[in-house]
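As provided, target-v6.cif (mmCIF, C-alpha atoms and all ligand atoms) reads as follows.
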```cif
data_structure
#
loop_
_atom_site.label_atom_id
_atom_site.label_comp_id
_atom_site.auth_asym_id
_atom_site.auth_seq_id
_atom_site.Cartn_x
_atom_site.Cartn_y
_atom_site.Cartn_z
CA MET A 291 29.64 2.40 -56.04
CA LEU A 292 26.17 3.64 -55.15
CA PHE A 293 25.45 0.28 -53.57
CA ILE A 294 28.56 0.55 -51.34
CA ILE A 295 27.55 4.06 -50.22
CA PHE A 296 24.07 2.75 -49.49
CA LEU A 297 25.52 -0.11 -47.41
CA LEU A 298 27.86 2.24 -45.50
CA ALA A 299 25.02 4.67 -44.80
CA ASN A 300 22.90 1.85 -43.44
CA PHE A 301 25.77 0.58 -41.33
CA PHE A 302 26.32 4.02 -39.76
CA LEU A 303 22.61 4.51 -39.21
CA ILE A 304 22.17 1.16 -37.48
CA SER A 305 25.34 1.69 -35.40
CA PHE A 306 24.05 5.10 -34.33
CA VAL A 307 20.67 3.69 -33.30
CA ILE A 308 22.31 0.88 -31.29
CA PHE A 309 24.77 3.28 -29.65
CA PHE A 310 21.97 5.71 -28.79
CA SER A 311 19.79 3.02 -27.26
CA ILE A 312 22.66 1.59 -25.16
CA ALA A 313 23.64 5.08 -23.99
CA HIS A 314 20.02 5.85 -23.13
CA ASN A 315 19.63 2.64 -21.08
CA LEU A 316 22.91 3.29 -19.28
CA LEU A 317 21.82 6.82 -18.43
CA VAL A 318 18.42 5.64 -17.16
CA ASN A 319 19.91 2.84 -15.07
CA CYS A 320 22.84 4.77 -13.65
CA PHE A 321 21.60 8.28 -13.13
CA MET A 322 17.82 8.35 -13.06
CA ALA A 323 16.14 7.07 -9.90
CA LYS A 324 13.45 4.49 -10.42
CA ARG A 325 9.85 5.53 -9.82
CA LYS A 326 8.59 4.51 -6.40
CA ILE A 327 4.94 3.70 -5.84
CA ALA A 328 3.58 2.69 -2.44
CA LEU A 329 0.44 0.58 -2.09
CA PHE A 330 -1.60 0.73 1.11
CA GLY A 331 -4.17 -2.06 1.47
CA GLY A 332 -6.73 -2.56 4.19
CA THR A 333 -10.40 -2.82 4.99
CA PHE A 334 -10.56 0.89 5.92
CA ASP A 335 -13.82 0.31 7.79
CA PRO A 336 -13.76 3.29 8.14
CA ILE A 337 -10.56 5.10 7.07
CA HIS A 338 -9.24 7.18 9.98
CA LEU A 339 -6.63 9.87 10.60
CA GLY A 340 -4.12 7.21 11.68
CA HIS A 341 -4.24 5.71 8.18
CA THR A 342 -3.67 9.01 6.39
CA ALA A 343 -1.00 10.22 8.82
CA VAL A 344 1.15 7.09 8.57
CA ALA A 345 0.67 6.95 4.79
CA ALA A 346 1.92 10.53 4.46
CA ALA A 347 4.93 9.81 6.71
CA ALA A 348 5.73 6.62 4.77
CA ALA A 349 5.52 8.45 1.42
CA GLU A 350 7.99 11.01 2.72
CA HIS A 351 10.35 8.34 4.10
CA ILE A 352 10.32 6.27 0.91
CA GLY A 353 10.37 9.24 -1.47
CA ALA A 354 7.33 7.71 -3.14
CA GLU A 355 5.70 9.50 -6.02
CA LYS A 356 2.29 8.44 -4.74
CA ILE A 357 0.47 6.23 -2.27
CA ILE A 358 -2.38 4.19 -3.65
CA PHE A 359 -5.06 3.20 -1.13
CA ILE A 360 -6.51 -0.20 -1.99
CA PRO A 361 -9.60 -1.15 -0.01
CA THR A 362 -9.96 -4.88 0.14
CA LYS A 363 -13.27 -6.68 -0.27
CA ARG A 364 -12.52 -8.70 2.82
CA SER A 365 -9.34 -9.80 4.49
CA PRO A 366 -8.51 -13.47 3.81
CA LEU A 367 -7.32 -13.57 7.45
CA LYS A 368 -10.33 -11.89 9.10
CA ASP A 369 -13.40 -13.96 10.05
CA SER A 370 -15.92 -11.20 9.63
CA LEU A 371 -16.98 -9.09 6.68
CA PRO A 372 -16.44 -5.32 6.82
CA ALA A 373 -19.30 -3.54 8.59
CA ALA A 374 -19.77 -0.91 5.87
CA SER A 375 -20.45 -1.70 2.23
CA ASP A 376 -17.71 -1.65 -0.41
CA ASP A 377 -19.24 1.51 -1.90
CA ASP A 378 -19.35 3.32 1.44
CA ARG A 379 -15.77 2.42 2.35
CA PHE A 380 -14.59 3.48 -1.12
CA ALA A 381 -16.50 6.78 -0.89
CA MET A 382 -15.09 7.53 2.58
CA ILE A 383 -11.50 6.95 1.40
CA ALA A 384 -12.10 9.26 -1.56
CA LEU A 385 -13.28 11.97 0.87
CA ALA A 386 -10.40 11.41 3.30
CA ILE A 387 -7.63 11.66 0.71
CA ALA A 388 -9.09 14.41 -1.49
CA ASP A 389 -6.76 17.14 -0.24
CA ASN A 390 -3.48 15.21 -0.68
CA SER A 391 -2.27 15.16 -4.27
CA LYS A 392 0.05 12.20 -3.54
CA PHE A 393 -2.83 9.99 -2.44
CA GLN A 394 -4.78 7.91 -4.93
CA LEU A 395 -7.50 5.29 -4.65
CA SER A 396 -7.88 1.99 -6.46
CA ASP A 397 -10.96 -0.23 -6.69
CA ARG A 398 -8.91 -3.13 -8.08
CA GLU A 399 -9.51 -5.44 -5.12
CA LEU A 400 -13.13 -4.37 -4.64
CA LYS A 401 -13.92 -5.43 -8.20
CA LYS A 402 -12.90 -9.01 -7.45
CA THR A 403 -15.39 -11.62 -6.32
CA GLU A 404 -12.84 -13.55 -4.23
CA PRO A 405 -10.71 -12.28 -1.32
CA SER A 406 -7.55 -10.74 -2.76
CA TYR A 407 -4.03 -11.75 -2.00
CA THR A 408 -1.43 -9.02 -1.62
CA LEU A 409 1.02 -10.89 -3.85
CA GLU A 410 -1.47 -10.88 -6.75
CA THR A 411 -2.21 -7.19 -6.28
CA VAL A 412 1.49 -6.31 -6.15
CA ARG A 413 2.15 -8.32 -9.32
CA GLN A 414 -0.72 -6.58 -11.14
CA PHE A 415 0.55 -3.12 -10.20
CA GLN A 416 4.12 -4.10 -11.12
CA ALA A 417 2.88 -5.27 -14.52
CA ASP A 418 0.95 -2.02 -15.01
CA TYR A 419 3.86 0.24 -14.05
CA GLY A 420 6.64 -1.85 -15.58
CA GLY A 421 10.04 -3.00 -14.39
CA ASP A 422 11.39 0.55 -13.95
CA THR A 423 9.09 1.14 -10.98
CA LEU A 424 9.78 -0.03 -7.44
CA ILE A 425 6.64 -1.18 -5.66
CA TYR A 426 6.31 -0.75 -1.89
CA TRP A 427 3.59 -2.40 0.18
CA LEU A 428 2.69 -0.72 3.49
CA ALA A 429 1.44 -2.60 6.54
CA GLY A 430 1.11 -1.71 10.22
CA ALA A 431 3.15 -3.42 12.93
CA ASP A 432 0.06 -5.32 14.07
CA SER A 433 0.41 -7.39 10.88
CA ILE A 434 3.81 -8.86 11.81
CA ASP A 435 2.62 -12.03 13.49
CA GLU A 436 0.19 -12.71 10.63
CA LEU A 437 2.88 -12.45 7.94
CA PRO A 438 3.81 -16.17 7.92
CA ARG A 439 0.15 -16.89 7.00
CA TRP A 440 0.08 -14.45 4.07
CA TYR A 441 -0.29 -16.17 0.72
CA GLY A 442 3.07 -16.34 -1.10
CA ILE A 443 4.85 -14.35 1.62
CA VAL A 444 8.34 -15.40 0.48
CA GLU A 445 7.65 -14.26 -3.10
CA LEU A 446 6.11 -11.06 -1.76
CA ILE A 447 9.23 -10.25 0.30
CA ASP A 448 11.40 -10.94 -2.75
CA GLU A 449 9.31 -9.14 -5.37
CA CYS A 450 8.47 -5.87 -3.62
CA ASN A 451 9.51 -3.76 -0.67
CA LEU A 452 7.29 -4.88 2.16
CA CYS A 453 7.37 -1.98 4.60
CA VAL A 454 6.12 -2.49 8.12
CA MET A 455 5.26 0.74 9.92
CA PHE A 456 5.32 1.48 13.64
CA ARG A 457 1.90 1.36 15.28
CA ALA A 458 0.81 2.58 18.73
CA GLY A 459 0.23 -0.35 21.08
CA CYS A 460 2.57 -2.65 19.11
CA GLU A 461 6.21 -3.51 19.69
CA PRO A 462 8.62 -1.85 17.23
CA PRO A 463 8.77 -4.17 14.20
CA ASP A 464 11.46 -6.82 14.60
CA PHE A 465 11.85 -9.73 12.21
CA ALA A 466 14.70 -11.61 13.91
CA LYS A 467 12.32 -14.37 14.98
CA PHE A 468 11.66 -15.19 11.32
CA THR A 469 15.28 -15.90 10.39
CA ALA A 470 14.87 -19.68 10.45
CA LEU A 471 11.69 -19.38 8.38
CA TRP A 472 12.75 -16.92 5.65
CA GLY A 473 16.54 -16.75 5.89
CA PRO A 474 18.82 -13.88 6.99
CA GLN A 475 18.71 -11.95 3.69
CA ARG A 476 14.93 -11.63 3.65
CA VAL A 477 14.91 -10.71 7.33
CA GLU A 478 17.54 -8.04 6.64
CA LYS A 479 15.46 -6.66 3.75
CA LEU A 480 12.36 -6.47 5.96
CA GLN A 481 14.35 -4.81 8.72
CA GLN A 482 15.74 -2.22 6.26
CA ASN A 483 12.20 -1.45 5.13
CA VAL A 484 10.78 -0.77 8.60
CA ILE A 485 9.35 2.75 8.72
CA LYS A 486 9.29 4.66 11.98
CA THR A 487 5.92 6.28 11.42
CA PRO A 488 4.34 8.49 14.12
CA LEU A 489 2.43 6.59 16.80
CA ILE A 490 -1.24 7.41 16.37
CA ASP A 491 -3.35 5.47 18.77
CA MET A 492 -6.51 4.77 16.78
CA SER A 493 -8.18 1.90 15.00
CA SER A 494 -11.30 1.35 12.92
CA THR A 495 -12.53 -1.11 15.56
CA GLU A 496 -12.43 1.58 18.21
CA ILE A 497 -14.28 3.99 15.91
CA ARG A 498 -17.00 1.42 15.14
CA ASN A 499 -17.38 0.62 18.85
CA ARG A 500 -17.60 4.28 19.82
CA LEU A 501 -20.18 4.99 17.10
CA ALA A 502 -22.28 1.99 18.17
CA ALA A 503 -22.20 3.37 21.72
CA GLY A 504 -23.29 6.80 20.48
CA ARG A 505 -19.96 8.37 21.37
CA ASP A 506 -18.03 11.09 19.54
CA VAL A 507 -15.37 10.14 16.98
CA THR A 508 -14.72 13.44 15.25
CA ASP A 509 -11.14 13.62 16.54
CA MET A 510 -10.28 10.40 14.68
CA LEU A 511 -11.81 11.13 11.27
CA ALA A 512 -11.39 13.61 8.45
CA PRO A 513 -14.40 15.98 8.74
CA PRO A 514 -15.99 14.88 5.41
CA VAL A 515 -15.76 11.24 6.55
CA ALA A 516 -17.46 12.08 9.86
CA ASP A 517 -20.20 13.91 7.88
CA TYR A 518 -20.63 10.91 5.56
CA ILE A 519 -20.99 8.49 8.48
CA ARG A 520 -23.56 10.81 10.09
CA LYS A 521 -25.45 11.34 6.84
CA TYR A 522 -25.83 7.63 6.07
CA GLY A 523 -26.12 6.44 9.67
CA LEU A 524 -23.18 4.02 9.38
CA TYR A 525 -21.91 1.91 12.28
CA GLN A 526 -24.92 2.72 14.46
CA SER A 527 -25.42 -0.73 15.89
CA LYS A 528 -22.92 -3.43 16.71
CA ALA A 529 -25.34 -6.22 15.81
CA LYS A 530 -26.29 -4.81 12.40
CA ASN A 531 -22.73 -3.82 11.53
P1 LIG B 601 -9.55 -2.75 12.37
O1 LIG B 601 -9.54 -2.11 13.73
O2 LIG B 601 -10.92 -2.89 11.76
O3 LIG B 601 -8.74 -4.03 12.31
P2 LIG B 601 -7.47 -0.95 11.43
O4 LIG B 601 -7.61 0.36 12.14
O5 LIG B 601 -6.35 -1.83 11.86
O6 LIG B 601 -8.86 -1.73 11.37
P3 LIG B 601 -7.16 -1.58 8.65
O7 LIG B 601 -8.04 -1.07 7.59
O8 LIG B 601 -7.26 -2.99 9.05
O9 LIG B 601 -7.36 -0.60 9.91
O10 LIG B 601 -5.66 -1.17 8.37
C1 LIG B 601 -5.06 -1.09 7.11
C2 LIG B 601 -3.58 -1.03 7.37
O11 LIG B 601 -3.27 0.15 8.11
C3 LIG B 601 -3.06 -2.20 8.20
O12 LIG B 601 -1.79 -2.59 7.68
C4 LIG B 601 -2.90 -1.62 9.59
O13 LIG B 601 -1.88 -2.27 10.31
C5 LIG B 601 -2.53 -0.18 9.27
N1 LIG B 601 -2.94 0.75 10.32
C6 LIG B 601 -4.19 1.00 10.71
N2 LIG B 601 -4.22 1.93 11.68
C7 LIG B 601 -2.93 2.27 11.92
C8 LIG B 601 -2.29 3.18 12.84
N3 LIG B 601 -2.99 3.90 13.72
N4 LIG B 601 -0.93 3.25 12.80
C9 LIG B 601 -0.22 2.50 11.91
N5 LIG B 601 -0.76 1.63 11.04
C10 LIG B 601 -2.10 1.50 11.03
#
```

In structure tokens, how does this file's structure come out?
Amino acid sequence: MLFIIFLLANFFLISFVIFFSIAHNLLVNCFMAKRKIALFGGTFDPIHLGHTAVAAAAAEHIGAEKIIFIPTKRSPLKDSLPAASDDDRFAMIALAIADNSKFQLSDRELKKTEPSYTLETVRQFQADYGGDTLIYWLAGADSIDELPRWYGIVELIDECNLCVMFRAGCEPPDFAKFTALWGPQRVEKLQQNVIKTPLIDMSSTEIRNRLAAGRDVTDMLAPPVADYIRKYGLYQSKAKN
């Protein structure tokens, strides 16, 4: 008799645990929104107000919990190395994002010895955050024509939300021309993920050129970044940088 009661008790206990775990999963999947994390990669040489403004607008649009800035060691698609050192670029981003609690900074790509591929970075963050988190990757509209040359671009489109943002001086993002290459579903996904960010006409190249010519750049930089550049004499000469 005692044995039967023991068996019944175990049966009810196990059934309760299974029921609870199914109900919990259903609740999470049906009613709780997934976490959304946006990753913003670039050389940030240096980071400027265009970067932070579009990142803030994209975070708002996506409903992202945070935006993680990921300075890259060097772009696999750019011929030249960044003008400023890894440490300086990292320090300037830290200064530029300090007053926005949604902004974070990662040295994941800087720690690598080889150029990093976006697909690898996205997969690492996805593994860190787990399957319940949606990963978004932000890129400016100037990147569109380079996309077919990105390593593992098809997997990248499939595995994350690749968001292309408006950029001053560029056509509004349009992926129709890639239909034959990637298929209509991927093109539709990219189109859905276009973000109409404010048009802020600035670039790191223009800032480096102005600094090398001894011109003022304070209207394009967060004040602590401008101070840092002045303090360490960055971007003073085109040849050296
Ligand atoms: P450079 O002039 O050295 O090429 P950049 O200003 O384009 O630099 P990156 O560090 O290369 O800056 O940019 C990182 C990412 O931010 C890229 O995806 C780029 O398209 C995007 N981006 C940079 N500036 C803007 C801007 N003003 N508006 C929208 N997107 C931008």

Chain A residues near ligand LIG 601 (chain B) within 7 Å, closest pair each, using only C-alpha atoms and all ligand atoms, as a tab-separated table:
```
residue	atom	partner	partner_atom	distance
A:Phe330	CA	B:LIG601	C2	6.8
A:Gly331	CA	B:LIG601	C1	5.8
A:Gly332	CA	B:LIG601	C1	3.7
A:Thr333	CA	B:LIG601	O7	3.9
A:Phe334	CA	B:LIG601	O7	3.6
A:Asp335	CA	B:LIG601	O2	5.9
A:Ile337	CA	B:LIG601	O7	6.7
A:Gly340	CA	B:LIG601	N3	4.0
A:His341	CA	B:LIG601	N2	5.2
A:Val344	CA	B:LIG601	C9	5.8
A:Leu428	CA	B:LIG601	O12	6.4
A:Ala429	CA	B:LIG601	O12	3.4
A:Gly430	CA	B:LIG601	O13	3.0
A:Ala431	CA	B:LIG601	O13	5.8
A:Asp432	CA	B:LIG601	O13	5.2
A:Ser433	CA	B:LIG601	O13	5.6
A:Met455	CA	B:LIG601	C9	6.1
A:Phe456	CA	B:LIG601	C9	5.9
A:Arg457	CA	B:LIG601	C9	4.1
A:Ala458	CA	B:LIG601	N4	6.2
A:Leu489	CA	B:LIG601	N4	6.2
A:Ile490	CA	B:LIG601	N3	4.7
A:Asp491	CA	B:LIG601	N3	5.3
A:Met492	CA	B:LIG601	N3	4.7
A:Ser493	CA	B:LIG601	O4	3.3
A:Ser494	CA	B:LIG601	O4	3.9
A:Thr495	CA	B:LIG601	O1	3.6
A:Glu496	CA	B:LIG601	O1	6.5
```

Open item on the list: I need the residue nearest Ser391 (chain A) from this list: A:Ala349, A:Ile360, A:Tyr518, A:Ala373. Use only C-alpha atoms for the distance.
Closed with: A:Ala349

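One distance worth recording is that between CA of Thr487 (chain A) and CA of Ala347 (chain A), which is 6.0 Å.
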
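Atom pair CA of Pro336 (chain A) / CA of Val484 (chain A): separated by 24.9 Å.
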
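Nearest residue to Ala388 (chain A) among A:Leu524, A:Val477, A:Leu409, A:Val515 is A:Val515, counting all atoms listed in the file.
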
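Using only C-alpha atoms for every distance, the candidate list A:Ala381, A:Ile434, A:Val444, A:Ile352 yields A:Ile352 as the residue closest to Lys486 (chain A).
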
TODO: Please indicate the distance in Å from CA of Arg505 (chain A) to CA of Ser527 (chain A), rounded to one decimal place.
DONE: 11.9 Å

Task: Within 10 Å of Leu424 (chain A) using all atoms listed in the file, minus same-chain residues under 6 positions, as a count of residues only - done: 11

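Ranking A:Leu501, A:Leu446, A:Leu339, A:Met382 by their shortest atom-to-atom distance to Arg413 (chain A), with only C-alpha atoms included, puts A:Leu446 first.
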
Find the smallest box with edges along x, y and z containing every listed atom of region 498-503 of chain A, then add 6 Å on each side and report centre and edge lengths in Å to one decimal, as lines of an AutoDock Vina configuration file.
```
center_x = -19.6
center_y = 2.8
center_z = 18.4
size_x = 17.3
size_y = 16.4
size_z = 18.6
```

TODO: Tell me which of A:Leu371, A:Ile497, A:Ala345, A:Ala502 sits closest to Ile357 (chain A), counting only C-alpha atoms.
DONE: A:Ala345

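With distances taken from (-23.6, 1.2, 12.6) and restricted to all atoms listed in the file, the residues inside 10 Å are Ala373, Ala374, Arg498, Asn499, Arg500, Leu501, Ala502, Ala503, Gly504, Ile519, Arg520, Tyr522, Gly523, Leu524, Tyr525, Gln526, Ser527, Lys528, Ala529, Lys530 and Asn531 of chain A.
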
Can I get the selected residues back with C-alpha atoms, as a PDB file, in the coordinates of the input?
```pdb
ATOM      1  CA  ALA A 373     -19.300  -3.540   8.590  1.00  0.00           C
ATOM      2  CA  ALA A 374     -19.770  -0.910   5.870  1.00  0.00           C
ATOM      3  CA  ARG A 498     -17.000   1.420  15.140  1.00  0.00           C
ATOM      4  CA  ASN A 499     -17.380   0.620  18.850  1.00  0.00           C
ATOM      5  CA  ARG A 500     -17.600   4.280  19.820  1.00  0.00           C
ATOM      6  CA  LEU A 501     -20.180   4.990  17.100  1.00  0.00           C
ATOM      7  CA  ALA A 502     -22.280   1.990  18.170  1.00  0.00           C
ATOM      8  CA  ALA A 503     -22.200   3.370  21.720  1.00  0.00           C
ATOM      9  CA  GLY A 504     -23.290   6.800  20.480  1.00  0.00           C
ATOM     10  CA  ILE A 519     -20.990   8.490   8.480  1.00  0.00           C
ATOM     11  CA  ARG A 520     -23.560  10.810  10.090  1.00  0.00           C
ATOM     12  CA  TYR A 522     -25.830   7.630   6.070  1.00  0.00           C
ATOM     13  CA  GLY A 523     -26.120   6.440   9.670  1.00  0.00           C
ATOM     14  CA  LEU A 524     -23.180   4.020   9.380  1.00  0.00           C
ATOM     15  CA  TYR A 525     -21.910   1.910  12.280  1.00  0.00           C
ATOM     16  CA  GLN A 526     -24.920   2.720  14.460  1.00  0.00           C
ATOM     17  CA  SER A 527     -25.420  -0.730  15.890  1.00  0.00           C
ATOM     18  CA  LYS A 528     -22.920  -3.430  16.710  1.00  0.00           C
ATOM     19  CA  ALA A 529     -25.340  -6.220  15.810  1.00  0.00           C
ATOM     20  CA  LYS A 530     -26.290  -4.810  12.400  1.00  0.00           C
ATOM     21  CA  ASN A 531     -22.730  -3.820  11.530  1.00  0.00           C
TER      22      ASN A 531
END
```

Open item on the list: Which residues are close to Arg398 (chain A), i.e. within 12 Å by all atoms listed in the file, leaving aside same-chain residues fewer than 4 positions away? Reply as a list in words.
Closed with: Leu329, Gly331, Ile358, Phe359, Ile360, Pro361, Thr362, Lys363, Asp376, Phe380, Lys402, Thr403, Glu404, Pro405, Ser406, Tyr407, Thr408, Glu410, Thr411, Val412, Gln414 and Phe415 of chain A

Residues from last step as file, C-alpha atoms, as a CSV table (one decimal), in the coordinates of the input:
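Contents of the output file part_14.csv:
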```csv
chain,number,residue,atom,x,y,z
A,329,LEU,CA,0.4,0.6,-2.1
A,331,GLY,CA,-4.2,-2.1,1.5
A,358,ILE,CA,-2.4,4.2,-3.6
A,359,PHE,CA,-5.1,3.2,-1.1
A,360,ILE,CA,-6.5,-0.2,-2.0
A,361,PRO,CA,-9.6,-1.2,0.0
A,362,THR,CA,-10.0,-4.9,0.1
A,363,LYS,CA,-13.3,-6.7,-0.3
A,376,ASP,CA,-17.7,-1.6,-0.4
A,380,PHE,CA,-14.6,3.5,-1.1
A,402,LYS,CA,-12.9,-9.0,-7.4
A,403,THR,CA,-15.4,-11.6,-6.3
A,404,GLU,CA,-12.8,-13.6,-4.2
A,405,PRO,CA,-10.7,-12.3,-1.3
A,406,SER,CA,-7.6,-10.7,-2.8
A,407,TYR,CA,-4.0,-11.8,-2.0
A,408,THR,CA,-1.4,-9.0,-1.6
A,410,GLU,CA,-1.5,-10.9,-6.8
A,411,THR,CA,-2.2,-7.2,-6.3
A,412,VAL,CA,1.5,-6.3,-6.2
A,414,GLN,CA,-0.7,-6.6,-11.1
A,415,PHE,CA,0.6,-3.1,-10.2
```

As a PDB file, keeping the file's coordinate frame, please: region 508-521 of chain A completed to N, CA and C atoms.
```pdb
ATOM      1  N   THR A 508     -15.180  12.431  16.212  1.00  0.00           N
ATOM      2  CA  THR A 508     -14.720  13.440  15.250  1.00  0.00           C
ATOM      3  C   THR A 508     -13.211  13.681  15.309  1.00  0.00           C
ATOM      4  N   ASP A 509     -12.583  13.389  16.464  1.00  0.00           N
ATOM      5  CA  ASP A 509     -11.140  13.620  16.540  1.00  0.00           C
ATOM      6  C   ASP A 509     -10.326  12.523  15.830  1.00  0.00           C
ATOM      7  N   MET A 510     -11.013  11.508  15.335  1.00  0.00           N
ATOM      8  CA  MET A 510     -10.280  10.400  14.680  1.00  0.00           C
ATOM      9  C   MET A 510     -10.546  10.327  13.166  1.00  0.00           C
ATOM     10  N   LEU A 511     -11.402  11.219  12.681  1.00  0.00           N
ATOM     11  CA  LEU A 511     -11.810  11.130  11.270  1.00  0.00           C
ATOM     12  C   LEU A 511     -11.623  12.460  10.562  1.00  0.00           C
ATOM     13  N   ALA A 512     -11.371  12.395   9.256  1.00  0.00           N
ATOM     14  CA  ALA A 512     -11.390  13.610   8.450  1.00  0.00           C
ATOM     15  C   ALA A 512     -12.838  14.132   8.487  1.00  0.00           C
ATOM     16  N   PRO A 513     -13.029  15.456   8.607  1.00  0.00           N
ATOM     17  CA  PRO A 513     -14.400  15.980   8.740  1.00  0.00           C
ATOM     18  C   PRO A 513     -15.383  15.466   7.673  1.00  0.00           C
ATOM     19  N   PRO A 514     -14.996  15.377   6.389  1.00  0.00           N
ATOM     20  CA  PRO A 514     -15.990  14.880   5.410  1.00  0.00           C
ATOM     21  C   PRO A 514     -16.375  13.422   5.655  1.00  0.00           C
ATOM     22  N   VAL A 515     -15.444  12.654   6.249  1.00  0.00           N
ATOM     23  CA  VAL A 515     -15.760  11.240   6.550  1.00  0.00           C
ATOM     24  C   VAL A 515     -16.753  11.184   7.714  1.00  0.00           C
ATOM     25  N   ALA A 516     -16.523  12.030   8.721  1.00  0.00           N
ATOM     26  CA  ALA A 516     -17.460  12.080   9.860  1.00  0.00           C
ATOM     27  C   ALA A 516     -18.850  12.489   9.351  1.00  0.00           C
ATOM     28  N   ASP A 517     -18.897  13.468   8.436  1.00  0.00           N
ATOM     29  CA  ASP A 517     -20.200  13.910   7.880  1.00  0.00           C
ATOM     30  C   ASP A 517     -20.871  12.763   7.135  1.00  0.00           C
ATOM     31  N   TYR A 518     -20.078  12.017   6.362  1.00  0.00           N
ATOM     32  CA  TYR A 518     -20.630  10.910   5.560  1.00  0.00           C
ATOM     33  C   TYR A 518     -21.238   9.843   6.477  1.00  0.00           C
ATOM     34  N   ILE A 519     -20.506   9.520   7.543  1.00  0.00           N
ATOM     35  CA  ILE A 519     -20.990   8.490   8.480  1.00  0.00           C
ATOM     36  C   ILE A 519     -22.295   8.948   9.123  1.00  0.00           C
ATOM     37  N   ARG A 520     -22.340  10.247   9.474  1.00  0.00           N
ATOM     38  CA  ARG A 520     -23.560  10.810  10.090  1.00  0.00           C
ATOM     39  C   ARG A 520     -24.717  10.783   9.094  1.00  0.00           C
ATOM     40  N   LYS A 521     -24.408  11.235   7.863  1.00  0.00           N
ATOM     41  CA  LYS A 521     -25.450  11.340   6.840  1.00  0.00           C
ATOM     42  C   LYS A 521     -26.102   9.990   6.541  1.00  0.00           C
TER      43      LYS A 521
END
```
